[in-house]
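Data file: structure.txt. Format and content: compact mmCIF, C-alpha atoms.
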```
# COMPACT_ATOMS: atom_id res chain seq x y z
CA MET A 130 -18.56 -1.38 -14.24
CA LEU A 131 -16.70 1.14 -16.38
CA VAL A 132 -13.39 -0.72 -16.10
CA THR A 133 -14.94 -3.99 -17.25
CA GLU A 134 -16.67 -2.23 -20.14
CA ALA A 135 -13.42 -0.56 -21.17
CA ALA A 136 -11.69 -3.95 -21.14
CA ARG A 137 -14.45 -5.47 -23.27
CA ILE A 138 -14.16 -2.65 -25.83
CA ALA A 139 -10.36 -3.01 -25.89
CA ILE A 140 -10.64 -6.73 -26.65
CA ALA A 141 -13.32 -6.09 -29.28
CA MET A 142 -10.97 -3.61 -30.99
CA ASP A 143 -8.11 -6.16 -30.87
CA LEU A 144 -5.91 -3.81 -28.91
CA HIS A 145 -4.38 -6.83 -27.18
CA GLN A 146 -2.95 -7.92 -30.53
CA CYS A 147 -1.59 -4.55 -31.69
CA ILE A 148 2.09 -5.06 -32.58
CA GLY A 149 2.78 -2.03 -34.78
CA SER A 150 5.47 0.54 -34.12
CA ASP A 151 4.07 3.80 -35.47
CA VAL A 152 2.68 6.57 -33.29
CA ARG A 153 -0.92 5.38 -33.50
CA ASP A 154 0.00 1.80 -32.62
CA VAL A 155 2.03 2.94 -29.63
CA GLU A 156 -0.94 4.93 -28.38
CA MET A 157 -3.16 1.89 -28.78
CA GLN A 158 -0.65 -0.24 -26.87
CA ARG A 159 -0.43 2.28 -24.08
CA THR A 160 -4.23 2.41 -23.90
CA PHE A 161 -4.52 -1.36 -23.71
CA TRP A 162 -1.96 -1.78 -20.94
CA THR A 163 -3.53 1.00 -18.91
CA ILE A 164 -6.88 -0.79 -19.14
CA TYR A 165 -5.12 -4.08 -18.32
CA VAL A 166 -3.67 -2.68 -15.09
CA LEU A 167 -6.98 -1.14 -14.01
CA GLU A 168 -8.92 -4.31 -14.78
CA LYS A 169 -6.54 -6.64 -12.93
CA GLU A 170 -6.44 -4.38 -9.88
CA PHE A 171 -10.22 -4.06 -9.83
CA CYS A 172 -10.79 -7.82 -10.13
CA PHE A 173 -8.30 -8.61 -7.38
CA LEU A 174 -9.87 -6.06 -5.03
CA ALA A 175 -13.35 -7.37 -5.84
CA GLY A 176 -12.24 -10.96 -5.24
CA ARG A 177 -13.24 -12.28 -8.63
CA ALA A 178 -11.50 -13.67 -11.68
CA SER A 179 -10.61 -11.52 -14.67
CA LYS A 180 -13.05 -12.79 -17.28
CA THR A 181 -12.40 -10.18 -19.95
CA ILE A 182 -8.64 -10.07 -20.54
CA ALA A 183 -6.90 -13.43 -20.72
CA ASP A 184 -3.17 -13.22 -19.99
CA TYR A 185 -2.35 -16.08 -22.36
CA ASP A 186 -3.95 -14.29 -25.34
CA ILE A 187 -1.95 -11.04 -25.28
CA GLY A 188 0.56 -10.19 -28.00
CA CYS A 189 0.72 -6.44 -27.46
CA PRO A 190 4.19 -5.17 -26.44
CA VAL A 191 4.56 -2.85 -23.47
CA PRO A 192 5.49 0.66 -24.66
CA ASN A 193 8.51 2.39 -23.21
CA THR A 194 7.08 5.11 -20.96
CA LEU A 195 9.94 6.70 -19.05
CA VAL A 196 9.37 9.08 -16.14
CA PHE A 197 11.71 10.29 -13.41
CA GLY A 198 14.82 9.13 -15.21
CA ASN A 199 14.77 5.54 -16.38
CA LEU A 200 11.61 4.33 -14.60
CA ASN A 201 9.16 2.71 -17.02
CA TRP A 202 6.02 3.07 -14.93
CA THR A 203 3.84 1.21 -17.46
CA LEU A 204 6.02 -1.90 -17.36
CA LEU A 205 6.27 -1.55 -13.59
CA PHE A 206 2.53 -1.75 -12.99
CA VAL A 207 2.00 -4.34 -15.72
CA ARG A 208 4.34 -6.67 -13.84
CA HIS A 209 2.50 -6.01 -10.60
CA SER A 210 -0.86 -6.65 -12.25
CA ARG A 211 0.46 -9.91 -13.62
CA ILE A 212 1.34 -10.92 -10.05
CA LEU A 213 -2.23 -10.07 -8.99
CA SER A 214 -3.65 -12.18 -11.80
CA LYS A 215 -1.41 -15.12 -10.96
CA ALA A 216 -2.12 -14.79 -7.23
CA TYR A 217 -5.85 -14.99 -7.75
CA GLU A 218 -5.50 -18.03 -10.01
CA VAL A 219 -3.31 -20.11 -7.69
CA LEU A 220 -4.50 -18.83 -4.30
CA PHE A 221 -8.04 -17.45 -4.36
CA SER A 222 -9.87 -19.20 -7.19
CA VAL A 223 -12.29 -22.09 -6.67
CA SER A 224 -9.74 -24.57 -8.00
CA ALA A 225 -7.13 -23.23 -5.57
CA THR A 226 -9.35 -23.98 -2.57
CA LEU A 227 -9.10 -27.69 -3.40
CA ASN A 228 -5.32 -27.72 -2.93
CA SER A 229 -3.64 -29.30 0.06
CA THR A 230 -1.97 -27.21 2.72
CA ALA A 231 1.48 -28.01 1.35
CA ALA A 232 0.47 -26.94 -2.17
CA TYR A 233 -1.07 -23.77 -0.78
CA LEU A 234 2.07 -22.81 1.10
CA LYS A 235 4.22 -23.51 -1.96
CA ASN A 236 2.04 -21.26 -4.11
CA ILE A 237 2.23 -18.55 -1.46
CA ASP A 238 6.02 -18.80 -1.50
CA ASP A 239 6.06 -18.54 -5.31
CA ILE A 240 3.93 -15.40 -5.30
CA ARG A 241 6.05 -13.94 -2.53
CA THR A 242 9.18 -14.61 -4.60
CA ASP A 243 7.64 -12.82 -7.59
CA LEU A 244 6.64 -9.92 -5.34
CA ASP A 245 10.14 -9.61 -3.90
CA ASP A 246 11.67 -9.72 -7.39
CA TRP A 247 9.31 -6.95 -8.44
CA LYS A 248 10.33 -4.93 -5.39
CA ASP A 249 14.05 -5.43 -6.06
CA SER A 250 13.62 -4.23 -9.66
CA LEU A 251 12.48 -0.80 -8.46
CA PRO A 252 14.82 2.18 -8.13
CA PRO A 253 15.95 2.68 -4.52
CA GLU A 254 13.97 5.91 -4.08
CA PHE A 255 10.71 4.17 -5.07
CA ARG A 256 11.33 0.87 -3.29
CA PRO A 257 8.93 -0.06 -0.47
CA GLY A 258 10.48 0.76 2.85
CA SER A 259 12.30 3.85 1.62
CA PRO A 260 11.04 7.28 2.78
CA VAL A 261 8.87 9.33 0.45
CA ARG A 262 11.11 12.28 -0.25
CA GLN A 263 9.79 15.76 -0.84
CA ARG A 264 11.30 17.06 -4.06
CA ASP A 265 11.51 20.75 -4.90
CA SER A 266 10.87 20.39 -8.62
CA ASP A 267 7.56 20.74 -10.40
CA LEU A 268 7.32 16.93 -10.50
CA ALA A 269 7.19 16.72 -6.69
CA ALA A 270 3.47 15.86 -6.53
CA PRO A 271 3.49 13.22 -9.34
CA SER A 272 6.66 11.66 -7.96
CA ARG A 273 5.22 11.47 -4.45
CA PHE A 274 2.00 9.96 -5.73
CA LEU A 275 3.85 7.35 -7.79
CA CYS A 276 6.04 6.39 -4.84
CA LEU A 277 2.98 6.10 -2.58
CA LYS A 278 1.11 4.04 -5.15
CA ILE A 279 4.03 1.62 -5.52
CA GLN A 280 4.46 1.12 -1.80
CA TYR A 281 0.75 0.65 -1.15
CA ALA A 282 0.54 -1.84 -4.02
CA TYR A 283 3.36 -3.85 -2.46
CA TYR A 284 1.94 -3.86 1.07
CA HIS A 285 -1.52 -4.71 -0.24
CA VAL A 286 -0.31 -8.00 -1.73
CA LEU A 287 1.87 -8.68 1.30
CA ILE A 288 -1.15 -8.35 3.60
CA ALA A 289 -3.15 -10.74 1.41
CA LEU A 290 -0.36 -13.34 1.51
CA SER A 291 0.14 -12.99 5.27
CA ARG A 292 -3.55 -13.33 6.07
CA LEU A 293 -3.89 -16.33 3.78
CA THR A 294 -0.94 -17.99 5.51
CA LEU A 295 -2.67 -17.53 8.85
CA HIS A 296 -5.78 -19.19 7.39
CA VAL A 297 -4.18 -22.29 5.89
CA CYS A 298 -1.10 -22.84 8.05
CA ARG A 299 -1.40 -25.42 10.77
CA ALA A 300 -0.77 -24.75 14.43
CA GLU A 301 2.47 -26.70 14.46
CA CYS A 302 4.03 -24.30 11.93
CA THR A 303 4.86 -21.87 14.71
CA GLU A 304 7.78 -20.17 12.99
CA ARG A 305 5.84 -19.51 9.81
CA LEU A 306 2.81 -18.28 11.71
CA ALA A 307 4.97 -15.91 13.77
CA ALA A 308 6.65 -14.57 10.62
CA SER A 309 3.27 -13.98 8.95
CA LYS A 310 1.95 -12.11 11.97
CA LEU A 311 5.06 -9.96 12.04
CA GLU A 312 4.75 -9.16 8.31
CA LEU A 313 1.08 -8.34 8.74
CA LEU A 314 1.84 -6.01 11.63
CA HIS A 315 4.75 -4.34 9.82
CA SER A 316 2.68 -3.81 6.67
CA ALA A 317 -0.16 -2.19 8.61
CA ARG A 318 2.24 0.12 10.43
CA SER A 319 3.98 1.08 7.19
CA ILE A 320 0.66 1.93 5.54
CA VAL A 321 -0.37 4.15 8.44
CA HIS A 322 3.04 5.82 8.50
CA LEU A 323 2.69 6.70 4.80
CA THR A 324 -0.69 8.41 5.23
CA GLU A 325 1.03 11.75 5.82
CA ASN A 326 2.02 11.71 2.13
CA ILE A 327 -1.52 11.21 0.80
CA ASP A 328 -2.82 14.16 -1.18
CA LEU A 329 -6.32 14.78 0.19
CA SER A 330 -7.81 15.92 -3.11
CA PRO A 331 -10.65 14.65 -5.31
CA SER A 332 -8.14 13.40 -7.89
CA THR A 333 -6.69 10.84 -5.47
CA SER A 334 -8.17 7.39 -5.90
CA THR A 335 -10.48 5.98 -3.26
CA TRP A 336 -8.18 2.97 -2.99
CA ILE A 337 -5.43 5.21 -1.60
CA LEU A 338 -7.68 7.59 0.33
CA GLY A 339 -9.73 5.00 2.17
CA TYR A 340 -9.34 1.34 1.28
CA ILE A 341 -5.70 0.75 2.22
CA PRO A 342 -5.60 2.99 5.35
CA LEU A 343 -8.87 1.48 6.57
CA SER A 344 -7.51 -2.05 6.18
CA ALA A 345 -4.41 -1.11 8.17
CA LEU A 346 -6.59 0.46 10.88
CA PHE A 347 -8.61 -2.74 11.34
CA ILE A 348 -5.47 -4.91 11.41
CA LEU A 349 -3.86 -2.80 14.12
CA PHE A 350 -7.11 -2.72 16.08
CA ASP A 351 -7.29 -6.53 15.99
CA PHE A 352 -3.71 -6.82 17.21
CA VAL A 353 -4.43 -4.49 20.13
CA ILE A 354 -7.63 -6.26 21.19
CA HIS A 355 -6.14 -9.75 20.98
CA ASN A 356 -2.84 -8.74 22.63
CA PRO A 357 -3.70 -6.32 25.45
CA THR A 358 -0.57 -7.17 27.48
CA HIS A 359 1.95 -7.52 24.66
CA PRO A 360 4.95 -5.14 24.70
CA GLU A 361 4.17 -4.00 21.14
CA THR A 362 0.61 -2.97 21.99
CA ARG A 363 1.64 0.56 23.01
CA LYS A 364 3.22 1.11 19.61
CA ASN A 365 0.12 -0.20 17.89
CA ILE A 366 -2.04 2.26 19.84
CA ALA A 367 0.31 5.06 18.76
CA PHE A 368 -0.17 4.02 15.13
CA LEU A 369 -3.93 3.92 15.71
CA ASP A 370 -3.68 7.53 16.88
CA ILE A 371 -1.83 8.40 13.66
CA ALA A 372 -4.60 6.73 11.65
CA ALA A 373 -7.20 8.61 13.69
CA GLY A 374 -5.50 11.88 12.84
CA TYR A 375 -5.46 10.98 9.16
CA PHE A 376 -9.17 10.15 9.01
CA THR A 377 -9.95 13.35 10.90
CA ARG A 378 -7.99 15.32 8.31
CA LEU A 379 -9.85 13.44 5.59
CA GLU A 380 -13.19 14.50 7.03
CA PHE A 381 -12.03 18.11 7.22
CA ALA A 382 -10.72 18.04 3.62
CA SER A 383 -13.99 16.53 2.38
CA GLU A 384 -16.01 19.16 4.28
CA GLY A 385 -17.76 16.48 6.31
CA SER A 386 -18.88 14.27 3.40
CA ILE A 387 -16.62 11.48 4.71
CA GLN A 388 -17.27 10.73 8.38
CA GLY A 389 -13.66 10.09 9.27
CA THR A 390 -14.07 10.88 12.96
CA LEU A 391 -16.19 7.75 13.35
CA LEU A 392 -13.18 5.67 12.33
CA ALA A 393 -10.96 7.73 14.59
CA GLU A 394 -12.91 6.41 17.58
CA PHE A 395 -11.29 3.00 17.09
CA ALA A 396 -8.17 4.44 18.67
CA TYR A 397 -10.18 5.58 21.71
CA ILE A 398 -11.92 2.20 22.02
CA ALA A 399 -8.59 0.36 21.88
CA ARG A 400 -6.98 2.68 24.40
CA GLN A 401 -9.95 2.35 26.78
CA TYR A 402 -9.85 -1.43 26.44
CA ILE A 403 -6.17 -1.56 27.36
CA GLN A 404 -6.76 0.76 30.30
CA ASP A 405 -9.55 -1.50 31.58
CA CYS A 406 -7.29 -4.52 31.28
CA GLN A 407 -4.53 -2.78 33.21
CA ASP A 408 -6.99 -1.78 35.92
CA GLY A 409 -7.90 -5.42 36.36
CA LYS A 410 -11.37 -5.11 34.87
CA GLN A 411 -12.41 -7.63 32.23
CA PRO A 412 -14.42 -5.71 29.60
CA ASN A 413 -17.42 -7.63 28.30
CA SER A 414 -20.80 -7.04 26.75
CA GLN A 415 -22.50 -6.84 30.18
CA ASP A 416 -20.21 -4.10 31.51
CA ILE A 417 -19.73 -1.87 28.48
CA SER A 418 -22.15 -0.81 25.78
CA TYR A 419 -21.90 1.76 23.03
CA SER A 420 -24.28 4.59 22.38
CA VAL A 421 -24.33 7.76 20.32
CA LEU A 422 -23.31 10.76 22.38
CA ASP A 423 -24.82 14.18 21.87
CA THR A 424 -22.38 17.00 21.27
CA SER A 425 -22.80 20.57 22.48
CA ASP A 426 -24.21 21.74 19.16
CA GLY A 427 -26.99 19.17 19.20
CA THR A 428 -25.50 16.90 16.56
CA SER A 429 -24.86 13.24 17.11
CA GLY A 430 -21.31 12.28 17.88
CA ALA A 431 -19.42 9.04 17.42
CA SER A 432 -20.14 5.83 19.26
CA MET A 433 -18.33 5.90 22.61
CA PRO A 434 -18.23 3.28 25.38
CA ILE A 435 -20.20 4.21 28.49
CA GLN A 436 -20.37 2.34 31.77
CA GLN A 437 -23.72 0.80 32.58
CA SER A 438 -23.18 -1.59 35.43
CA VAL A 439 -20.25 -2.63 37.53
CA SER A 440 -20.12 -5.74 39.65
CA THR A 441 -19.70 -5.16 43.39
CA SER A 442 -16.99 -7.79 43.63
CA SER A 443 -13.61 -6.84 42.28
CA PRO A 444 -12.59 -9.01 39.31
CA PRO A 445 -9.26 -10.76 39.53
CA LYS A 446 -6.22 -8.80 38.47
CA LEU A 447 -4.62 -9.73 35.19
CA PRO A 448 -1.14 -11.18 35.62
CA THR A 449 1.76 -8.86 34.92
CA PRO A 450 3.03 -9.68 31.42
CA GLU A 451 6.50 -11.04 31.04
CA PRO A 452 8.72 -9.72 28.21
CA SER A 453 7.85 -11.75 25.15
CA SER A 454 8.73 -11.87 21.51
CA TYR A 455 6.61 -11.57 18.41
CA ASP A 456 5.93 -15.31 18.61
CA SER A 457 3.28 -14.64 21.26
CA LEU A 458 1.30 -12.22 19.09
CA GLN A 459 -2.27 -13.34 18.58
CA TYR A 460 -4.28 -12.57 15.46
CA GLU A 461 -7.59 -14.38 15.25
CA CYS A 462 -8.99 -15.59 11.93
CA ASN A 463 -12.69 -16.19 12.40
CA ASP A 464 -13.11 -18.11 9.17
CA ASP A 465 -13.60 -21.80 9.85
CA TRP A 466 -11.63 -22.86 6.82
CA ASN A 467 -9.79 -26.15 6.65
CA THR A 468 -8.18 -26.93 3.33
CA ASN A 469 -8.09 -30.62 4.15
CA ASN A 470 -11.80 -30.87 4.91
CA LEU A 471 -13.28 -31.43 1.50
CA GLU A 472 -16.74 -32.08 2.93
CA ALA A 473 -16.86 -28.49 4.13
CA GLN A 474 -15.79 -27.26 0.69
CA PRO A 475 -17.91 -28.91 -1.98
CA GLY A 476 -16.48 -28.27 -5.39
CA PHE A 477 -15.08 -29.78 -8.55
CA ASP A 478 -11.79 -29.00 -10.27
CA ILE A 479 -12.80 -28.68 -13.92
CA MET A 480 -9.21 -27.96 -14.96
CA HIS A 481 -8.46 -31.70 -14.67
CA LEU A 482 -11.69 -32.96 -16.16
CA PHE A 483 -9.89 -34.33 -19.23
CA GLY A 484 -6.80 -36.35 -18.56
CA ASN A 485 -7.84 -37.42 -15.07
CA GLY A 486 -7.17 -41.08 -14.55
CA ASN A 487 -9.95 -41.37 -12.00
CA ILE A 488 -12.62 -40.64 -14.58
CA ASP A 489 -13.36 -43.37 -17.09
CA MET A 490 -15.68 -42.14 -19.81
CA SER A 491 -15.50 -45.25 -22.02
CA ALA A 492 -18.66 -46.57 -23.57
CA SER A 493 -18.47 -49.77 -21.55
CA GLU A 494 -18.84 -47.82 -18.28
CA LEU A 495 -21.67 -45.60 -19.44
CA THR A 496 -25.23 -46.84 -19.77
CA LEU A 497 -27.05 -44.93 -22.49
CA SER A 498 -30.75 -45.59 -23.03
CA PHE A 499 -33.05 -44.20 -25.67
CA ASP A 500 -36.76 -44.95 -25.82
CA SER A 501 -37.76 -44.23 -29.39
CA ALA A 502 -41.47 -44.84 -28.76
CA LEU A 503 -41.51 -42.30 -25.93
CA TYR A 504 -39.63 -39.76 -28.03
CA GLU A 505 -42.01 -40.17 -30.99
CA SER A 506 -45.09 -39.88 -28.80
CA GLN A 507 -43.97 -36.66 -27.08
CA TYR A 508 -41.85 -34.72 -29.56
CA LEU A 509 -42.71 -35.69 -33.12
CA PRO A 510 -45.70 -33.85 -34.60
CA TRP A 511 -47.67 -36.86 -35.74
CA GLU A 512 -51.07 -36.23 -37.09
```
Write-out of the structure in C-alpha cells:
Amino acid sequence: MLVTEAARIAIAMDLHQCIGSDVRDVEMQRTFWTIYVLEKEFCFLAGRASKTIADYDIGCPVPNTLVFGNLNWTLLFVRHSRILSKAYEVLFSVSATLNSTAAYLKNIDDIRTDLDDWKDSLPPEFRPGSPVRQRDSDLAAPSRFLCLKIQYAYYHVLIALSRLTLHVCRAECTERLAASKLELLHSARSIVHLTENIDLSPSTSTWILGYIPLSALFILFDFVIHNPTHPETRKNIAFLDIAAGYFTRLEFASEGSIQGTLLAEFAYIARQYIQDCQDGKQPNSQDISYSVLDTSDGTSGASMPIQQSVSTSSPPKLPTPEPSSYDSLQYECNDDWNTNNLEAQPGFDIMHLFGNGNIDMSASELTLSFDSALYESQYLPWE
C-alpha cells in the first residue's frame, strides 16, 4: 500500500528522529507526522498492527500548525492516532485476546478515558456532539470538513469500544451492556445525522463518503430487526431513511458509479419487516424471498422482498409491546467468542516469554542430545 510505503521511506530517511528547528526540519517533521496519522488510521481500519512506525522510537517533535484560531490540527490528530495505536495493542492484538474479561473491561475503560480526554481538549465548536456550523468566510468548506473528520473519528472509536464490550461482557453485567448498546445506537444516529455535511466530491476520502455512513446504516438496521416492537424502532427507521437519502445523493453525485440506491433499500426492508410484525405475520425464509425487479427502462433494480407463499392459517398475533427502556434493546453479536475459553483461542503470549516463572529453561530441565557419528556421516564431506 502507498501509506505503508510512505511510512517505510520516512523511517529510512530518519524523519522520526528529526529534532531541528529550521524551516527544512519543520517541514520534515510535518511530513513525518502526517504519514504517522495516515499509517495509524489505515492499520486500525485494516485490523492489523502498525509494523513500520514504532511509537516508542519517535523523537520528532510535533510542529505547531495553527488553523481556525488556536487549533493545532496536527497535534489533534496525532493524539487521536496514538489512541488508535494503543487501542489495537491492548484490545485487538493477539496478546490482548488472551486477557481475562476483567482485564479486557479495564483496558476498554482506559481507552475510553483517553478518548474522552481527547474530546474535552477540543474547542467547543469542533467537539463531537456540537452542530456543524455553516460559516460565511472562505474557510467554510475546510472548517466544515475538519469538524466532520473530528466527529467521525470520535464516533468510530466509540463504536469499536461499544461493540467490543458487547462481545466480552458477560450476561450478568446488565447495566454495562445496556450502556454499550445505548452508546452504539447514539453513535450510529449521530453519524447518519452528520451525513448532510459531507461534501460529495472526489476530494473527500472514501472513509468519510462510504465507510463510516455504511457502518452506521448496518448498526441501525440490526437494531430495527432485533427490536421490532421497541419504542425506539420508529426513530431508527427514520434515521435509516436519512441514510437512504444520503446514499441516493451519493449515487447521483457519482453519476451512477456508486450504486447507492442498493443500500437505500435497507430502509425499505426494515420498514416492511416492522409492518409484517405489526400485522401479526412472522417473516421467515419460507414466506419472503428477494429477487431483482425490472424497472420500466429495462434495467435491473434493487433487491426487493416479494411474497411467494402465504400459509392459510393465520399466524398468532404478536403481543402489544409495553413501554420499555433502553435496557431491553437487543443487539446480537454472532461471534462465538469467549475470552475465558482458552481452548477455543489457541495462542501464546510472547511478550512474557522471558521473565515468566512458569517457564524453566535451566540446563537441568532440558535434555540436549547430539549424535556426532550421525552428523559426520550426513553433513561432513568425507572422502
* Asked: Which one of A:Gln401, A:Ile337, A:Leu200, A:Ala282 sits closest to A:Leu379 if you count all atoms listed in the file?
  ->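 So, comparing all the options, the nearest one is A:Ile337.
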Shortest contact to A:Leu213, candidates A:Val155, A:Val191, A:Cys276, A:Leu287, atoms counted all atoms listed in the file, goes to A:Leu287
Problem - Residues within 9 Å of A:Thr181, all atoms listed in the file, excluding chain neighbours under 4 positions, as a PyMOL selection string - result: chain A and resi 133+136-137+140+168
Serialized selection, C-alpha atoms, as a short mmCIF file (atom, residue, chain, number, x, y, z; two decimals), in the coordinates of the input:
```cif
data_model
loop_
_atom_site.label_atom_id
_atom_site.label_comp_id
_atom_site.auth_asym_id
_atom_site.auth_seq_id
_atom_site.Cartn_x
_atom_site.Cartn_y
_atom_site.Cartn_z
CA THR A 133 -14.94 -3.99 -17.25
CA ALA A 136 -11.69 -3.95 -21.14
CA ARG A 137 -14.45 -5.47 -23.27
CA ILE A 140 -10.64 -6.73 -26.65
CA GLU A 168 -8.92 -4.31 -14.78
#
```
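Neighbourhood of point (0.7, -18.3, -4.7): residues with an atom at most 10 Å away, counting all atoms listed in the file, are Ile212, Leu213, Lys215, Ala216, Tyr217, Glu218, Val219, Leu220, Phe221, Ala225, Ala232, Tyr233, Leu234, Lys235, Asn236, Ile237, Asp238, Asp239, Ile240, Arg241, Thr242, Asp243, Leu290 and Leu293 of chain A.
For the choices A:Thr358, A:Ser210, A:Ser332, A:Gln146, the atom-to-atom distance to A:Ile187 is smallest for A:Gln146 when using all atoms listed in the file.
Reported to one decimal place, the separation of atom CA of A:Ile366 from atom CA of A:Ile354 is 10.3 Å.
Taking all atoms listed in the file, the non-local environment of A:Pro192 within 10 Å (same-chain residues fewer than 3 positions away omitted) comprises A:Ser150, A:Asp154, A:Val155, A:Glu156, A:Met157, A:Gln158, A:Arg159, A:Thr160, A:Trp162, A:Cys189, A:Leu195, A:Asn201, A:Thr203, A:Leu204.
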Worksheet item: Pick from A:Val166, A:Ile327, A:Leu314, A:Val152: nearest to A:Asn365, with all atoms listed in the file counted?
Response: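 Checking each of A:Val166, A:Ile327, A:Leu314, A:Val152 against A:Asn365, counting all atoms listed in the file, the winner is A:Leu314.
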What does the structure give for the distance between atom CA of A:Asp351 and atom CA of A:Ala396, in Å to one decimal?
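We find that atom CA of A:Asp351 and atom CA of A:Ala396 lie 11.3 Å from each other.
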- [ ] Can you pull out every residue within 12 Å of A:Leu458, counting only C-alpha atoms, but drop anything in the same chain fewer than 2 positions away, and send it as a PyMOL selection string?
- [x] chain A and resi 303-304+306-314+349+351-362+453-456+460-461
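You will find atom CA of A:Pro342 at 21.9 Å from atom CA of A:Glu254.
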| said: Calculated over all atoms listed in the file, which of the candidates A:Tyr185, A:Val321, A:Pro271, A:Leu251 has the smallest distance to A:His209? | reply: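 Smallest separation from A:His209 among the options: A:Leu251.
Across A:Asp328, A:Phe347, A:Leu392, A:Arg305, the tightest approach to A:Ala270 is made by A:Asp328 when counting only C-alpha atoms.
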Size and centre in Å, one decimal, axis-aligned box, all listed stretch 317-320 of chain A atoms plus 8 Å per side, as AutoDock Vina command-line options:
```
--center_x 1.9 --center_y -0.1 --center_z 8.0 --size_x 20.1 --size_y 20.1 --size_z 20.9
```
Up to 10 Å from (-9.5, 3.6, 20.9) in the file's coordinates: name the residues, counting only C-alpha atoms, as a PDB file with C-alpha atoms, keeping the file's coordinate frame.
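Listing of out.pdb after writing:
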```pdb
ATOM      1  CA  PHE A 350      -7.110  -2.720  16.080  1.00  0.00           C
ATOM      2  CA  VAL A 353      -4.430  -4.490  20.130  1.00  0.00           C
ATOM      3  CA  ILE A 366      -2.040   2.260  19.840  1.00  0.00           C
ATOM      4  CA  LEU A 369      -3.930   3.920  15.710  1.00  0.00           C
ATOM      5  CA  ASP A 370      -3.680   7.530  16.880  1.00  0.00           C
ATOM      6  CA  ALA A 373      -7.200   8.610  13.690  1.00  0.00           C
ATOM      7  CA  LEU A 392     -13.180   5.670  12.330  1.00  0.00           C
ATOM      8  CA  ALA A 393     -10.960   7.730  14.590  1.00  0.00           C
ATOM      9  CA  GLU A 394     -12.910   6.410  17.580  1.00  0.00           C
ATOM     10  CA  PHE A 395     -11.290   3.000  17.090  1.00  0.00           C
ATOM     11  CA  ALA A 396      -8.170   4.440  18.670  1.00  0.00           C
ATOM     12  CA  TYR A 397     -10.180   5.580  21.710  1.00  0.00           C
ATOM     13  CA  ILE A 398     -11.920   2.200  22.020  1.00  0.00           C
ATOM     14  CA  ALA A 399      -8.590   0.360  21.880  1.00  0.00           C
ATOM     15  CA  ARG A 400      -6.980   2.680  24.400  1.00  0.00           C
ATOM     16  CA  GLN A 401      -9.950   2.350  26.780  1.00  0.00           C
ATOM     17  CA  TYR A 402      -9.850  -1.430  26.440  1.00  0.00           C
ATOM     18  CA  ILE A 403      -6.170  -1.560  27.360  1.00  0.00           C
ATOM     19  CA  MET A 433     -18.330   5.900  22.610  1.00  0.00           C
ATOM     20  CA  PRO A 434     -18.230   3.280  25.380  1.00  0.00           C
TER      21      PRO A 434
END
```
